[in-house]
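Novice: Below: one structure in structure tokens.
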Amino acid sequence: MPSVDDVLEQVGEFGWFQKQAFLNLCLTSVAFAPIYVGIVFLGFTPDHRCRSPGVAELSQRCGWSLAEELNYTVPGLGPAGQAFPRQCRRYEVDWNQSTLGCEDPLAGLAANSSHLPLGPCQYGWVYDTPGSSIVTEFNLVCEAAWKVDLFQSCVNVGFFVGSMGIGYIADRYVWSEALPLGHHPHQCRLGRPDGSWMAGYTLITEFVGLGYRKTVAILYQTAFSVGLVLLSGLAYAVPHWRSLQLAVSLPIFLLLLCYWFVPESPRWLLSQKRNTQAIKIMDRIAQKNGKLPPADLKMLSLEEEVVTERLSPSFLDLFRTQNLRKYTFILMYLWFTSSVLYQGLIMHVGATGGSLYLDFLYSALVEFPAAFVILLIIDRFGRLYLLAGSNLLAGAACFFMIFISHDLHWLSIVAACIGRMGITIVFQMVCLVSAELYPTFIRNLGVMVCSSLCDLGGVVAPFLVFRLTEVWRGLPLVLFAALGLVAGGMSLLLPETKGVALPETIEEVERLGRKAKPRDNMIYLQVKMPEPAGL
């Protein structure tokens with residue numbers, strides 16, 4: 001009986017049908033990017049100071065420049081260079097007094113302005129930005145700054161629930177119908193598009209032949225990078241957060257149309273004993289690709305052993321055997337660290353950088369060479385060495401950034417871009433390896449469960465970056481470096497999946513972790529060793 005891979009070899013491994021499905025799913029990837037990291041712009045915290053009644057009028061009367069107004073009316077830096085008093089405290093002075101002069105308005109009140117009493121910003125803040133963000137609209141600064149972290153964490157909690165729910169639905173009930181379930185434009189609702197993004201990733205790798213699997217997987221994620229580049233330009237053109245939120249959310253509704261263009265996975269249908277539907281889809285693929293279906297297409301099915309064990313996939317299946325347990329725990333850790341480093345580097349650049357838009361654009365652009373590097377060397381070095389090396393590169397870049405002076409901003413951006421490229425490669429590789437390590441009947445569930453740790457990483461990343469930065473600017477980087485270096489070592493504990501067909505059963509997954517038998521090695525040597533010279 002022919003397998004799905006056998007049929008794809010005859011009807012086209014990446015023909016017109018797969019290209020059309022791939023394009024539709026890539027649009028999902030592009031649209032998801034602004035939602036995933038949009039908090040960088042939606043929650044941007046500009047330079048700010050306390051609003052003091054009468055200061056604007058006094059500044060206008062005296063003809064002060066902005067620098068002079070800040071020098072005369074805003075407290076200077078606090079002890080050890082801390083900026084908290086300047087941003088969150090104000091002089092308790094009545095700036096409407098007619099006795100205040102223009103040369104040094106505080107001279108008559110105290111011999112030194114540092115002796116003047118300071119009070120809280122009871123009249124709000126003044127923000128130095130032409131646009132707006134949730135920070136400026138709701139005054140999420142100073143004592144309320146933690147609420148921005150909570151906002152982003154709330155988004156990732158929605159990602160987490162969406163990943164778990166859609167993963168289970170996609171494996172147990174209907175594959176492609178799970179795609180639109182995660183789309184909703186509001187930031188703090190459950191069931192964000194993260195589950196749909198991962199469902200699309202797994203689906204496209206099952207539609208194409210073995211020779212194209214890694215290419216479509218990497219390009220699908222490269223479409224995510226396109227979304228990041230578009231976000232930087234869109235955020236610059238639309239500086240007000242409500243309009244920006246609307247602009248990045250509306251495309252999600254259009255993605256509902258993908259439901260009519262992307263059919264079910266034939267592999268999944270076979271695992272659910274829906275052979276007739278699977279055969280119809282394979283026949284449709286052949287027609288779209290301009291190929292004749294094989295004569296034995298109606299014989300298409302999975303092994304009986306496979307069918308019986310796949311009817312009721314459950315969370316426990318991910319831990320049924322020793323190797324599956326090991327792979328699942330390692331992949332969970334890799335997904336978690338990938339998210340913490342990926343989002344952490346983006347947020348760290350935003351919190352400590354210069355031009356938010358340019359720095360974000362530069363770090364987004366390095367994701368394209370990352371995809372090129374993968375396509376160039378993955379067949380030579382395999383999955384594992386590339387995965388481990390990229391983790392080590394990201395961790396080393398974070399470690400190097402600890403020692404860069406704050407004045408050398410350009411060097412810090414270069415190091416951050418190198419780390420970003422490394423962790424981008426990790427993200428792309430861990431997606432690919434996750435899809436290649438699980439059998440078909442729990443593949444989507446396995447990928448979703450492991451990737452849900454990515455969402456948990458997103459929950460803690462804002463607190464790690466912004467709260468630890470208040471303690472010491474380099475403290476988040478110390479943690480990022482440690483996570484990346486440990487992940488590099490753990491990656492080598494996974495089996496190599498280069499050139500291996502997608503596993504259909506748990507037994508096939510178990511065989512991935514076993515070494516070849518001695519007899520197999522002998523046969524290999526007999527075939528490959530050249531004859532002695534002179535014979």
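Scheme for the structure tokens: letters A, B, ... for chains in order shown; per-chain residue numbers from 1; ligand numbers from 1 in order shown.
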Could you give me, as a list of chain:residue names, the residues within 6 Å of Trp16 in chain A, counting only C-alpha atoms and dropping anything in the same chain fewer than 2 positions from it?
Specialist: A:Gln18, A:Lys19, A:Asn289
Novice: Please produce a file of those selected residues containing N, CA and C atoms, as a compact mmCIF listing (two decimals), in the first residue's frame.
Specialist:
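This went into selection.txt:
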```txt
# COMPACT_ATOMS: atom_id res chain seq x y z
N GLN A 18 0.48 22.92 -3.64
CA GLN A 18 1.24 23.23 -2.43
C GLN A 18 1.67 24.69 -2.40
N LYS A 19 1.98 25.24 -3.56
CA LYS A 19 2.39 26.65 -3.60
C LYS A 19 1.24 27.57 -3.20
N ASN A 289 -1.79 19.97 -9.67
CA ASN A 289 -0.40 19.95 -10.09
C ASN A 289 -0.24 19.48 -11.53
```
Novice: Pick out the residues sitting within 10 Å of range 496-506 of chain A, and hand them over as JSON, numbers by chain; count only C-alpha atoms, and ignore anything fewer than 6 positions along from it in its own chain.
Specialist: {"A": [5, 205, 206, 209, 210, 211, 213, 214, 267, 271, 302, 303, 305, 306, 307, 309, 310, 317, 318, 320, 321, 323, 324, 378, 379, 380, 381, 382, 383, 384, 385, 432, 433, 435, 436, 437, 438, 439, 440, 441, 442, 443, 512, 513]}
Novice: Can you pull out every residue within 6 Å of range 29-32 of chain A, counting only C-alpha atoms, but drop anything in the same chain fewer than 3 positions away, and send it as a list in words?
Specialist: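 Close residues of range 29-32 of chain A: Cys26, Ile35, Ala223, Phe224 and Gly227 of chain A.
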Novice: So how far away is CA of Leu331 in chain A from CA of Cys450 in chain A, in Å?
Specialist: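 We find that CA of Cys450 in chain A and CA of Leu331 in chain A lie 6.1 Å from each other.
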Novice: Using only C-alpha atoms, can you tell me which of A:Val135, A:Val226, A:Val37, A:Leu270 comes closest to Trp241 in chain A?
Specialist: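 Closest candidate: A:Val135.
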Novice: Leaving out Arg61 in chain A and any residue of its chain fewer than 6 positions from it, which residues lie within 12 Å of it when counting only C-alpha atoms, given as a PyMOL selection string?
Specialist: chain A and resi 54-55+69+96+98+100-103
Novice: Please write the residues from the selection above to a file, keeping N, CA and C atoms, as a PDB file, in the first residue's frame.
Specialist:
```pdb
ATOM      1  N   GLY A  54       1.489  75.997  35.703  1.00  0.00           N
ATOM      2  CA  GLY A  54       2.157  77.290  35.641  1.00  0.00           C
ATOM      3  C   GLY A  54       3.480  77.267  34.934  1.00  0.00           C
ATOM      4  N   VAL A  55       4.091  76.086  34.746  1.00  0.00           N
ATOM      5  CA  VAL A  55       5.407  76.015  34.108  1.00  0.00           C
ATOM      6  C   VAL A  55       5.321  76.429  32.640  1.00  0.00           C
ATOM      7  N   GLU A  69      13.852  75.186  30.012  1.00  0.00           N
ATOM      8  CA  GLU A  69      12.704  74.863  30.854  1.00  0.00           C
ATOM      9  C   GLU A  69      12.988  73.638  31.717  1.00  0.00           C
ATOM     10  N   ASN A  96       2.994  79.702  39.551  1.00  0.00           N
ATOM     11  CA  ASN A  96       2.166  80.852  39.158  1.00  0.00           C
ATOM     12  C   ASN A  96       2.510  82.118  39.940  1.00  0.00           C
ATOM     13  N   SER A  98       4.052  85.484  40.858  1.00  0.00           N
ATOM     14  CA  SER A  98       4.540  86.598  40.022  1.00  0.00           C
ATOM     15  C   SER A  98       5.949  87.005  40.374  1.00  0.00           C
ATOM     16  N   LEU A 100       8.536  85.035  40.614  1.00  0.00           N
ATOM     17  CA  LEU A 100       9.550  84.191  39.992  1.00  0.00           C
ATOM     18  C   LEU A 100      10.154  84.887  38.778  1.00  0.00           C
ATOM     19  N   GLY A 101      11.471  84.943  38.754  1.00  0.00           N
ATOM     20  CA  GLY A 101      12.163  85.577  37.633  1.00  0.00           C
ATOM     21  C   GLY A 101      12.451  84.611  36.519  1.00  0.00           C
ATOM     22  N   CYS A 102      13.046  85.138  35.457  1.00  0.00           N
ATOM     23  CA  CYS A 102      13.323  84.303  34.282  1.00  0.00           C
ATOM     24  C   CYS A 102      14.748  83.768  34.270  1.00  0.00           C
ATOM     25  N   GLU A 103      15.669  84.458  34.929  1.00  0.00           N
ATOM     26  CA  GLU A 103      17.064  84.037  34.893  1.00  0.00           C
ATOM     27  C   GLU A 103      17.272  82.768  35.735  1.00  0.00           C
TER      28      GLU A 103
END
```
Novice: Identify which of the residues A:Gln272, A:Thr45, A:Ser153, A:Ser52 lies closest to Gly131 in chain A, counting only C-alpha atoms when measuring atom-to-atom distances.
Specialist: A:Thr45
Novice: For each of A:Asn156, A:Gln122, A:Thr276, A:Thr202, take the minimum atom-to-atom distance to Ser434 in chain A, counting only C-alpha atoms, then give the residue where this is smallest.
Specialist: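 Using only C-alpha atoms, the shortest distance to Ser434 in chain A belongs to A:Thr202.
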Novice: What does the distance from CA of Cys62 in chain A to CA of Pro46 in chain A come to in Å, to one decimal?
Specialist: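 Calculated distance between CA of Cys62 in chain A and CA of Pro46 in chain A is 26.4 Å.
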Novice: What is the distance between CA of Glu143 in chain A and CA of Leu106 in chain A, in Å to one decimal?
Specialist: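 CA of Leu106 in chain A lies 27.6 Å from CA of Glu143 in chain A.
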